[in-house]
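Read the structure below first, then the notes.
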Amino acid sequence: MAGRDLRALFSTNDRQLSASEAFTNRHGQWQLVQDALAEHLARIAAPGFDIEDLEAPRANVLVFHGVGGIGKTTLSRTLEAVLAQSGQRPARWGEPVWPARPVLLPVRIDLARSAGTDFERVLLTIRLALAAHLGRPLPAFDIALRRYWEHQHPGESLEEYLARGGLAGRFGKSLPQQVQSALGDVAQALMLPGTVGGAVGQLTGALTQALRERRQAVKALAGCARLADLLEAEPDVDALSYYPHLLAWELAQLPADKQVVPVVLLDTFEDTGTRTHRDLERLLQRLVWLMPNAFFIITGRGRLQWADPALEGQLDYTGPAAWPGLATHTVPGPRSAVPITGRQVLIGDFSAEDCDDYLARRLAHDGEPLINAELRAVITARSHGLPLYLDLAVLRFLEIRRSGRTPVPADFEADFPALITRTLADLTGDERHILRSVSLLDAFDLDLATRTAGLPHQAAAARLIERPFVRTDEFALWPHHLHALIRSTLRTADDATDDRWTDADWRAAAARALDALGEQWRTATGPNRRLLVGCLRQGLALARDHRLDLGWLTDAAQAYTADYVWEPLPLPDTAGPATPADALAELLATLARRQHEHRSRTVERLTAILDTGLLPAELTEMALYFRAKAHRDLGDTAASRDGMHQVAAAGGRYAPDAARGLAHLSRAAGDFPTALGTARPLGWAGRGHRVLGDIHFAHGDMTVAAAAYTAALAEADQHGNAGERAIAQAHRALVLAFTDPYHAEGEVDYAEQLLAGLDQRATAFTAQVAGLVRTAGHDEAAFTSRADQLRTEIAASGITAAALLLELAVAFHHAVTDDAPAAAAAAARLRDLTAGGNYAYYADLAHHMAGTAPERSSGVRWADAEEAVRDRWRALVLDRRTQ
């Protein structure tokens with residue numbers, strides 16, 4: 001309800017100041033639903049209402065939006081029960097104001113990703129509800145549905161699908177019979193021979209022709225002007241999204257005593273997509289637009305943006321002219337006699353836009369906002385959408401203004417201690433202790449909360465998570481987290497309560513939290529990458545903020561690097577590392593960020609970390625190894641070899657990786673006998689099969705190389721190493737792209753699937769080059785365009801090996817097309833890239849493929865006869881020409 005803000009009015013002598021406040025409650029939302037439905041029923045009963053008018057503005061949708069956990073789903077379920085008269089109406093909710101006819105039929109649909117709801121299921125749910133209520137076919141829709149079903153679900157009956165998906169249990173099994181009845185009636189009217197079940201295509205074809213010819217036999221369906229067009233359209237999901245027009249038309253044909261108005265409640269609307277991917281949202285918007293005689297109540301975390309003209313092209317119907325009710329905002333208030341216009345209803349916490357609107361409206365002077373835009377932006381940012389913070393900020397604004405000073409942004413940089421007092425007011429001692437403890441954590445479960453607090457039982461934590469300032473996401477790694485503003489206030493504001501904590505109390509709780517996180521990670525059943533990264537993120541923050549020993553974080557950091565996945569980790573917000581935890585956080589963040597920046601920047605960052613001397617020995621080896629690896633990527637062989645030797649000599653966790661690095665360096669130098677001798681004893685720890693594959697690939701022995709990469713892939717599968725699996729598959733795809741481009745298409749696709757969700761820049765380049773090699777010899781313009789684009793991307797990364805692979809692919813293409821000048825240019829580029837001495841043999845390979853002699857010797861020491869190497873690479877070109 002809306003009213004006067006008496007506190008604000010009695011805080012100033014300025015009689016020109018107007019103050020108002022808005023309260024959001026479920027009673028208000030119920031009133032809005034009643035008003036909106038009454039207006040809707042009056043509109044569709046008016047003589048001028050036309051169900052087939054596709055241009056008139058729509059006013060058949062009401063939106064409730066707010067932050068997660070504020071009760072939107074509960075409201076949606078309660079509305080469904082009350083409208084269906086299947087549940088007791090809340091005490092404060094009054095009697096409905098609409099007439100007994102037509103009947104309102106609520107249909108609630110959960111759009112959450114976890115529910116697996118797609119557009120097909122949405123439309124079937126609405127039709128099933130009508131089937132259960134009406135007990136009769138809706139021929140225009142049912143015939144189109146049957147045609148769609150035969151094309152999209154061959155071999156699966158509608159009845160089987162409904163039973164398997166649980167819809168039959170919810171609505172009964174009458175729909176398949178009604179669809180069959182509709183088909184039978186039309187077949188009889190058209191005097192078609194045989195059974196209907198196996199002749200849907202014949203029936204719809206005959207019906208379409210009859211509709212076009214306006215035959216008397218199909219007079220009942222002829223009134224649906226667009227039925228023939230829909231029956232002729234390709235029966236795909238896009239066509240299905242226009243079938244609601246048929247459903248709306250059929251509802252309009254029902255006799256007066258059978259009239260029904262579906263009230264469709266679409267919950268968790270935020271899961272229909274993102275601001276850039278609106279495929280499902282577009283289909284749902286068509287549903288709402290094409291059924292103007294139905295009413296839709298949408299609940300989600302954000303406003304519906306359909307009235308925004310900027311969405312033109314992303315959605316079919318946009319702008320305030322199409323959705324006048326969605327262009328304005330409503331705060332639930334007392335029922336009024338005038339029709340409501342705002343159909344976007346905020347519940348719970350406010351969005352940034354709503355915070356600004358709230359502050360602008362809360363205090364006004366001569367009709368203008370008293371709080372200026374700059375102050376509103378500062379207050380909004382610090383509020384995290386919490387209405388209580390906005391109230392307190394308004395009071396602070398008036399208090400400062402009363403002192404004779406103009407409020408400035410710095411006045412609102414501090415938190416409000418009153419938030420702590422109000423939050424803790426009705427909590428028990430144990431609950432207050434738990435609350436302060438979990439404010440150290442980004443997210444938590446009952447066990448983590450209890451152990452962080454140091455309590456012997458979970459009862460207090462179980463009570464605490466029921467409080468409204470604790471948000472829950474059942475699908476998160478740790479399901480519970482504090483409201484962001486409550487959390488930051490607990491940790492930073494002056495705590496004047498009697499049981500406030502000292503600095504030692506906070507540090508002790510942080511130590512308990514760190515130990516508890518480590519225990520969860522160590523005791524997890526099987527490898528759990530998600531848990532590892534989550535524990536690292538929270539554990540590093542705790543160790544940094546409270547200067548704790550690294551403990552289990554060292555082992556976790558080594559496990560993080562072992563899989564080559566590289567999920568982003570936050571960089572510490574400091575001028576430079578001051579503690580071992582700072583240095584470790586900087587190290588891991590640098591390793592993750594190297595996938596997105598030039599390798600020279602990686603070398604700089606790792607050198608700065610090593611120079612601090614803060615890392616323990618085993619983590620120093622980690623930094624040394626990855627710096628040596630970055631040096632190798634940059635072509636700095638001497639620095640890379642020096643670092644690899646240091647790590648290998650230490651004999652620690654990264655010694656096998658360093659041995660592999662030395663083998664790569666020998667291969668880069670063209671010393672293949674040494675590389676081969678180093679690779680053979682590496683085993684899984686040193687990824688020996690992959691190294692052997694690299695060596696055989698350089699020799700053009702693609703069959704042996706493919707076998708080596710296949711063995712590497714099998715080992716990665718055996719050890720559950722997702723990163724190594726992607727690397728091995730990308731290289732296997734590259735080898736097969738040279739020998740069998742048709743088979744390689746699937747291999748490249750598989751490599752890209754394995755890379756999805758990983759952050760492996762070099763491996764991604766390998767997979768892209770494999771895709772390029774697969775198309776060598778075809779479509780010169782397309783090949784060159786893709787190669788040029790890839791060349792630019794690789795240059796920005798500083799990964800020399802990827803640049804060489806790309807130019808080798810280009811040389812292969814020109815050799816296949818027998819373009820001697822272009823092949824010579826590719827060989828020249830390879831000579832330029834290898835001018836420092838590393839990978840000098842790549843220019844030799846380009847000449848081998850083109851059947852020309854290298855201009856000068858690269859000094860390579862092959863592990864096989866050079867003539868055999870030359871013949872193999874030339875054979876690849878000749879085979880591709882034949883293909």
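We label chains A, B, ... in the order they appear in the structure tokens, count residues from 1 in each chain, and number ligands from 1 in the order shown.
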
Backbone-only DSSP, alpha helix (DSSP H) members of range 352-419 of chain A, as a ChimeraX atom specification: /A:352-362,373-383,387-402,417-419

Distance query Leu490 in chain A at most 8 Å, only C-alpha atoms, self and fewer than 4 positions along chain excluded, as an NGL selection string: :A and (420 or 436 or 439 or 486 or 495)

Find the residues near Ala733 in chain A: any atom within 9 Å, counting only C-alpha atoms, skip ones fewer than 3 places away on the same chain, and give them as an NGL selection string. :A and (706 or 728-730 or 736-738 or 744-751 or 766-767 or 770-771)

How far is it from CA of Met849 in chain A to CA of Thr800 in chain A, in Å with one decimal? 21.1 Å

Can you pull out every residue within 9 Å of Tyr389 in chain A, counting only C-alpha atoms, but drop anything in the same chain fewer than 4 positions away, and send it as a PyMOL selection string? chain A and resi 379+382-385+393-394+415-416+419+485

Find the spatial neighbours of range 560-568 of chain A, counting only C-alpha atoms, within a cut-off of 7 Å - ignore same-chain residues fewer than 3 positions away - and output them as a list of chain:residue names. A:Ala556, A:Ala557, A:Ala589, A:Ala592, A:Asn721, A:Ala722, A:Gly723, A:Glu724, A:Leu758, A:Asp759, A:Gln760

Distance query range 53-64 of chain A at most 10 Å, only C-alpha atoms, self and fewer than 4 positions along chain excluded, as a VMD selection string: chain A and resid 29 32 to 33 36 to 37 39 to 41 43 to 44 49 72 75 to 76 245 263 to 267 269 288 to 304 317 319 to 326 329 to 330 341 to 348

Nearest to His696 in chain A by atom-to-atom distance, counting only C-alpha atoms, from A:Trp862, A:Ala846, A:Leu311, A:Leu665: A:Trp862

Strand (DSSP E) call set, DSSP backbone run, range 146-336 of chain A, as a PyMOL selection string: chain A and resi 260-267+295-300+329-330

For Arg529 in chain A, which residue among A:Ala516, A:Ile371, A:Leu477, A:Ile465 is the nearest when counting only C-alpha atoms?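 Closest to Arg529 in chain A of all the choices is A:Leu477.
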
Nearest to Leu455 in chain A by atom-to-atom distance, counting only C-alpha atoms, from A:Ile434, A:Ala801, A:Leu548, A:Leu588: A:Ile434

Neighbouring residues of Asp657 in chain A were defined as those with any atom within 8 Å, considering only C-alpha atoms; residues of the same chain fewer than 6 positions away were excluded. Please report them as a PyMOL selection string. chain A and resi 625+685-687
